[in-house]
Structures are given as C-alpha cells and as structure tokens.
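Colleague: Got entry13.txt for you, compact mmCIF, C-alpha atoms:
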# COMPACT_ATOMS: atom_id res chain seq x y z
CA MET A 1 13.98 42.32 19.89
CA LYS A 2 16.54 41.29 17.31
CA VAL A 3 16.52 37.86 15.75
CA SER A 4 19.78 36.46 14.46
CA ILE A 5 20.06 34.70 11.11
CA LYS A 6 20.66 31.41 12.93
CA GLU A 7 17.51 31.89 15.01
CA LYS A 8 15.50 32.76 11.89
CA ILE A 9 16.76 29.63 10.12
CA ASN A 10 15.84 27.51 13.15
CA ILE A 11 12.39 29.08 13.30
CA ASN A 12 11.79 28.41 9.59
CA LEU A 13 13.15 24.87 9.87
CA LYS A 14 10.91 24.12 12.83
CA LYS A 15 7.91 25.60 10.99
CA LYS A 16 8.57 23.45 7.90
CA LEU A 17 9.08 20.29 9.97
CA ASN A 18 5.86 20.96 11.88
CA GLU A 19 4.09 21.42 8.54
CA VAL A 20 5.43 18.07 7.26
CA CYS A 21 4.39 16.39 10.51
CA SER A 22 0.87 17.79 10.17
CA TYR A 23 0.19 15.29 7.34
CA GLU A 24 -0.20 11.53 7.37
CA ALA A 25 0.54 9.19 4.49
CA LEU A 26 -1.85 6.26 4.10
CA VAL A 27 -1.14 3.26 1.89
CA GLY A 28 -3.54 0.36 1.63
CA ILE A 29 -7.13 -0.29 0.67
CA ASN A 30 -9.55 2.55 1.33
CA GLU A 31 -12.81 1.97 3.17
CA ARG A 32 -14.98 2.18 0.05
CA ASP A 33 -12.96 -0.43 -1.86
CA ALA A 34 -12.66 -2.62 1.24
CA GLN A 35 -16.47 -2.99 1.33
CA LYS A 36 -16.71 -4.25 -2.26
CA LYS A 37 -17.41 -7.90 -2.77
CA LYS A 38 -14.42 -9.93 -3.90
CA THR A 39 -14.43 -10.95 -7.56
CA TYR A 40 -13.07 -14.26 -8.71
CA PHE A 41 -12.92 -16.36 -11.83
CA SER A 42 -15.01 -19.48 -12.15
CA TYR A 43 -14.10 -22.14 -14.69
CA SER A 44 -16.32 -24.72 -16.26
CA GLU A 45 -16.20 -26.74 -19.47
CA LYS A 46 -19.66 -25.50 -20.42
CA ASN A 47 -19.19 -21.77 -19.73
CA GLY A 48 -15.40 -21.38 -19.73
CA LYS A 49 -13.86 -18.61 -17.63
CA GLN A 50 -16.36 -16.29 -15.94
CA LEU A 51 -15.88 -13.40 -13.53
CA LYS A 52 -18.13 -13.70 -10.49
CA PHE A 53 -18.72 -11.78 -7.27
CA SER A 54 -18.41 -13.43 -3.89
CA LYS A 55 -21.59 -13.44 -1.83
CA ASP A 56 -19.75 -13.49 1.48
CA VAL A 57 -16.22 -12.09 1.27
CA THR A 58 -15.30 -8.43 0.90
CA LEU A 59 -12.09 -7.16 -0.62
CA GLY A 60 -11.01 -5.85 2.79
CA GLU A 61 -11.38 -9.35 4.23
CA VAL A 62 -9.37 -10.83 1.37
CA ALA A 63 -6.60 -8.27 1.97
CA ALA A 64 -6.55 -9.10 5.69
CA ILE A 65 -6.47 -12.83 4.99
CA HIS A 66 -3.44 -12.41 2.73
CA GLU A 67 -1.70 -9.90 4.99
CA PHE A 68 -2.05 -12.05 8.13
CA GLY A 69 -2.85 -15.53 6.81
CA ASP A 70 -5.78 -17.77 7.69
CA PRO A 71 -4.45 -21.06 9.08
CA SER A 72 -7.99 -22.44 9.58
CA ASN A 73 -8.44 -22.34 5.79
CA ASN A 74 -4.84 -23.35 5.02
CA ILE A 75 -3.98 -19.89 3.63
CA PRO A 76 -0.45 -18.78 4.55
CA GLU A 77 0.53 -15.21 5.38
CA ARG A 78 1.59 -13.23 2.30
CA SER A 79 2.13 -9.81 3.83
CA PHE A 80 2.24 -7.21 1.11
CA LEU A 81 2.21 -4.14 3.40
CA ARG A 82 4.03 -4.95 6.66
CA ASP A 83 6.74 -7.08 5.06
CA THR A 84 7.37 -4.53 2.31
CA LEU A 85 7.87 -1.89 4.98
CA GLU A 86 10.29 -4.15 6.85
CA ILE A 87 12.20 -5.34 3.77
CA LYS A 88 12.48 -1.87 2.21
CA LYS A 89 12.80 0.17 5.42
CA ASP A 90 16.29 1.55 4.63
CA GLU A 91 15.17 2.73 1.18
CA ILE A 92 12.00 4.20 2.67
CA ILE A 93 13.90 6.03 5.42
CA ASN A 94 16.32 7.46 2.85
CA ASN A 95 13.41 8.64 0.71
CA ILE A 96 11.76 10.29 3.72
CA LYS A 97 14.99 12.15 4.48
CA GLU A 98 15.37 13.23 0.84
CA GLN A 99 11.77 14.43 0.57
CA ILE A 100 11.95 16.43 3.80
CA GLU A 101 15.28 17.95 2.77
CA THR A 102 13.85 18.86 -0.62
CA ALA A 103 10.78 20.42 0.97
CA ILE A 104 12.95 22.51 3.28
CA LYS A 105 15.46 23.63 0.67
CA SER A 106 13.14 24.25 -2.26
CA LYS A 107 10.23 25.71 -0.34
CA SER A 108 7.98 23.11 -1.97
CA SER A 109 4.87 22.17 -0.06
CA ALA A 110 5.05 19.75 2.82
CA LYS A 111 2.01 17.97 1.44
CA MET A 112 3.85 17.26 -1.82
CA ALA A 113 6.79 15.79 0.13
CA VAL A 114 4.49 13.48 2.09
CA LYS A 115 2.66 12.53 -1.13
CA ALA A 116 6.00 11.60 -2.74
CA ILE A 117 6.82 9.45 0.30
CA SER A 118 3.47 7.65 0.16
CA ASN A 119 3.68 7.10 -3.61
CA ASP A 120 7.17 5.66 -3.25
CA PHE A 121 5.94 3.15 -0.67
CA LEU A 122 2.90 2.32 -2.82
CA ASN A 123 5.20 1.58 -5.76
CA LYS A 124 7.37 -0.66 -3.56
CA VAL A 125 4.28 -2.60 -2.41
CA LYS A 126 3.01 -3.13 -5.96
CA GLU A 127 6.47 -4.03 -7.26
CA ARG A 128 6.83 -6.63 -4.51
CA ILE A 129 3.44 -8.16 -5.35
CA LEU A 130 4.38 -8.41 -9.03
CA ASP A 131 7.74 -9.97 -8.12
CA GLY A 132 5.89 -12.64 -6.12
CA ILE A 133 5.46 -13.02 -2.38
CA GLU A 134 6.43 -16.27 -0.73
CA PRO A 135 5.21 -18.87 -0.20
CA GLN A 136 4.42 -20.03 -3.69
CA LEU A 137 0.89 -21.16 -4.46
CA SER A 138 0.14 -24.84 -4.00
CA SER A 139 -0.04 -26.97 -7.13
CA GLU A 140 -3.81 -27.37 -6.56
CA THR A 141 -4.28 -23.59 -6.47
CA VAL A 142 -2.15 -23.09 -9.59
CA GLU A 143 -4.21 -25.72 -11.41
CA ARG A 144 -7.50 -24.12 -10.31
CA LYS A 145 -6.42 -20.55 -11.18
CA GLY A 146 -4.43 -21.37 -14.28
CA HIS A 147 -1.42 -19.30 -13.14
CA ASP A 148 1.11 -19.12 -10.31
CA LEU A 149 0.88 -15.45 -9.30
CA GLN A 150 0.05 -14.74 -5.65
CA LEU A 151 -2.29 -11.82 -4.85
CA VAL A 152 -2.98 -11.19 -8.54
CA ASP A 153 -5.96 -13.03 -9.95
CA THR A 154 -8.59 -10.54 -11.10
CA ASP A 155 -6.36 -7.50 -10.31
CA GLN A 156 -9.12 -6.24 -8.00
CA LEU A 157 -6.95 -6.36 -4.87
CA PHE A 158 -3.86 -5.04 -6.67
CA ASP A 159 -5.77 -2.13 -8.23
CA SER A 160 -7.40 -1.20 -4.94
CA ILE A 161 -4.08 -0.64 -3.13
CA LYS A 162 -3.67 3.14 -3.17
CA SER A 163 -1.96 5.96 -1.36
CA ARG A 164 -3.33 9.21 -0.06
CA VAL A 165 -2.26 12.07 2.15
CA ASN A 166 -4.49 13.61 4.81
CA LYS A 167 -4.08 16.51 7.13
CA LYS A 168 -3.85 14.85 10.54
CA GLY A 169 -7.16 14.89 12.34
CA VAL A 170 -9.10 15.35 9.09
CA SER A 171 -10.48 12.29 7.32
CA SER A 172 -11.34 12.27 3.65
Write the structure described by the file as structure tokens, please.
Modeller:
Amino acid sequence: MKVSIKEKININLKKKLNEVCSYEALVGINERDAQKKKTYFSYSEKNGKQLKFSKDVTLGEVAAIHEFGDPSNNIPERSFLRDTLEIKKDEIINNIKEQIETAIKSKSSAKMAVKAISNDFLNKVKERILDGIEPQLSSETVERKGHDLQLVDTDQLFDSIKSRVNKKGVSS
C-alpha cells in the first residue's frame, strides 16, 4: 500500500492534534493551597499591623467568594477567572492557534504548547487582578485595609493562582 505525501501530512497532523488534545491546562488554585487557612492583617493601636490566620475560612473558600460573590455578606462578585476568560477570549483563542501551529510546524512537544497556553492565561488573570477588578472596595473596607486594591491584601490568594498541565485522565 502506497501512502501519498498528502495522506502522510494528514496522518502526522492528526497525530499531533491528538497529542495536543491529550493534555489539559488548569489555571486556578490547586487543592493543597485551597485547603490552607486564609491569612489576613489585623490592626490595633497597641500591636500595629499583624498577620493572622483565619480559624474558619480556607483560601479556596475566599477564592470562591470573590469569583462568585457572597450577597449574604455584602461581598460583590469580582470574578478573576471566568471574567478574564470572557474579556480576553479573542487573545486567548489567537494564542491557542499560534501555539498549536508552532507545535505542528516546529515539532516541539504538544505538552509545551499547552503549557504556553496555560501560562498565557495565568498571566492575563494576574495582570487583570493587578489592574483592579470592579467594583471598587467600599470606603469602609479601604479604611480597614489601608489600601484600595481588590483581591490583593496579603498576596496569599494572588500567589496561589497557578497553572499546570496534566495528561488527561491522570491527576497530579
């Protein structure tokens, strides 16, 4: 059986695309970090600014509260993952296309292409947090915290947002 050049190219293309699709990119807070107790700053005239650990709230819960809001506690939604994906979707789609094209043309690994995609999204999420996510903090919150940055107080949440690439069906 003879295989034409066109058929060989199609076979190699399909193989590379299947390889890319065998990986998943994850961006967010990993399970280990999500279980950590939330840190916060406490202020008093006697002791000044002190870093403390919450007895009740985990970092994963704090992330969920900010991502989805908590109306019962008057905390508005400040989605740092879903909204970044929506706002930056055209840039993200273009990057996915570029990374897949590069992987196909350069024979670089599919895993590296997916890692580049996940790192790009991670950088977009962190950039958006640093630029400020609406709505602004209330004047009471600004006074209590001593600054007007949303989602950045102790840097614990910010630093725990990471990306990783897994082979589908294999957890790490």
Colleague: Would you tabulate, counting all atoms listed in the file, all residues of stretch 109-146 of chain A that have an atom at most 10 Å from an atom of stretch 166-171 of chain A, showing the closest pair of atoms and their distance in Å to one decimal, sorted by chain then ascending number, as a tab-separated table?
Modeller:
residue	atom	partner	partner_atom	distance
A:Lys111	CA	A:Lys167	CA	8.5
A:Val114	CA	A:Asn166	CA	9.4
A:Lys115	CA	A:Asn166	CA	9.4
Colleague: Please indicate the distance in Å from atom CA of A:Ala103 to atom CA of A:Phe80, rounded to one decimal place.
Modeller: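 Separation between atom CA of A:Ala103 and atom CA of A:Phe80: 28.9 Å.
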Colleague: My list of candidates is A:Arg82, A:Arg144, A:Arg164, A:Lys89. Which is closest to A:Ala116 when distances are computed with only C-alpha atoms?
Modeller: A:Arg164
Colleague: Given only C-alpha atoms as the basis, pick out the residue of A:Ile100, A:Leu17, A:Ala63, A:Ala34 nearest to A:Leu151.
Modeller: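 For A:Leu151, the nearest of the given residues is A:Ala63.
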Colleague: With only C-alpha atoms as the counted atoms, please give the residues lying no more than 9 Å from stretch 26-29 of chain A, apart from itself and same-chain residues fewer than 2 positions off, as a PyMOL selection string.
Modeller: chain A and resi 24+31-34+59-60+63+81+118-119+121-122+157+160-166
Colleague: For A:Ser22, which residue out of A:Ser109, A:Thr39, A:Asn74, A:Gln136 is the nearest one, using all atoms listed in the file?
Modeller: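 Closest candidate: A:Ser109.
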Colleague: Have a look at atom CA of A:Ser79 and atom CA of A:His66 and let me know their distance in Å, one decimal.
Modeller: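 Interatomic distance here is 6.2 Å.
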Colleague: For atom CA of A:Ile92 and atom CA of A:Leu13, determine how far apart the two atoms are, in Å to one decimal place.
Modeller: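 Calculated distance between atom CA of A:Ile92 and atom CA of A:Leu13 is 21.9 Å.
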Colleague: Closest to A:Lys55 among A:Lys36, A:Ile96, A:Asn73, A:Val125, using only C-alpha atoms?
Modeller: A:Lys36
Colleague: Residues around (5.3, -9.0, 4.1), cut-off 12 Å, counting all atoms listed in the file - what are they as an NGL selection string?
Modeller: :A and (64 or 66-69 or 76-89 or 124-126 or 128-129 or 132-135)
Colleague: If we draw a sphere of 12 Å around (-0.4, -21.2, -10.4), which residues have at least one atom in it when counting only C-alpha atoms? Please report them as a list in words.
Modeller: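 Answer for this query, in the requested form: Gly132, Pro135, Gln136, Leu137, Ser138, Ser139, Glu140, Thr141, Val142, Glu143, Arg144, Lys145, Gly146, His147, Asp148, Leu149, Gln150, Leu151, Val152 and Asp153 of chain A.
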Colleague: Nearest to A:Asp56: which of A:Gln35, A:Asn12, A:Ser72, A:Gln99 is it, counting only C-alpha atoms?
Modeller: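 The answer is A:Gln35, which sits nearest to A:Asp56.
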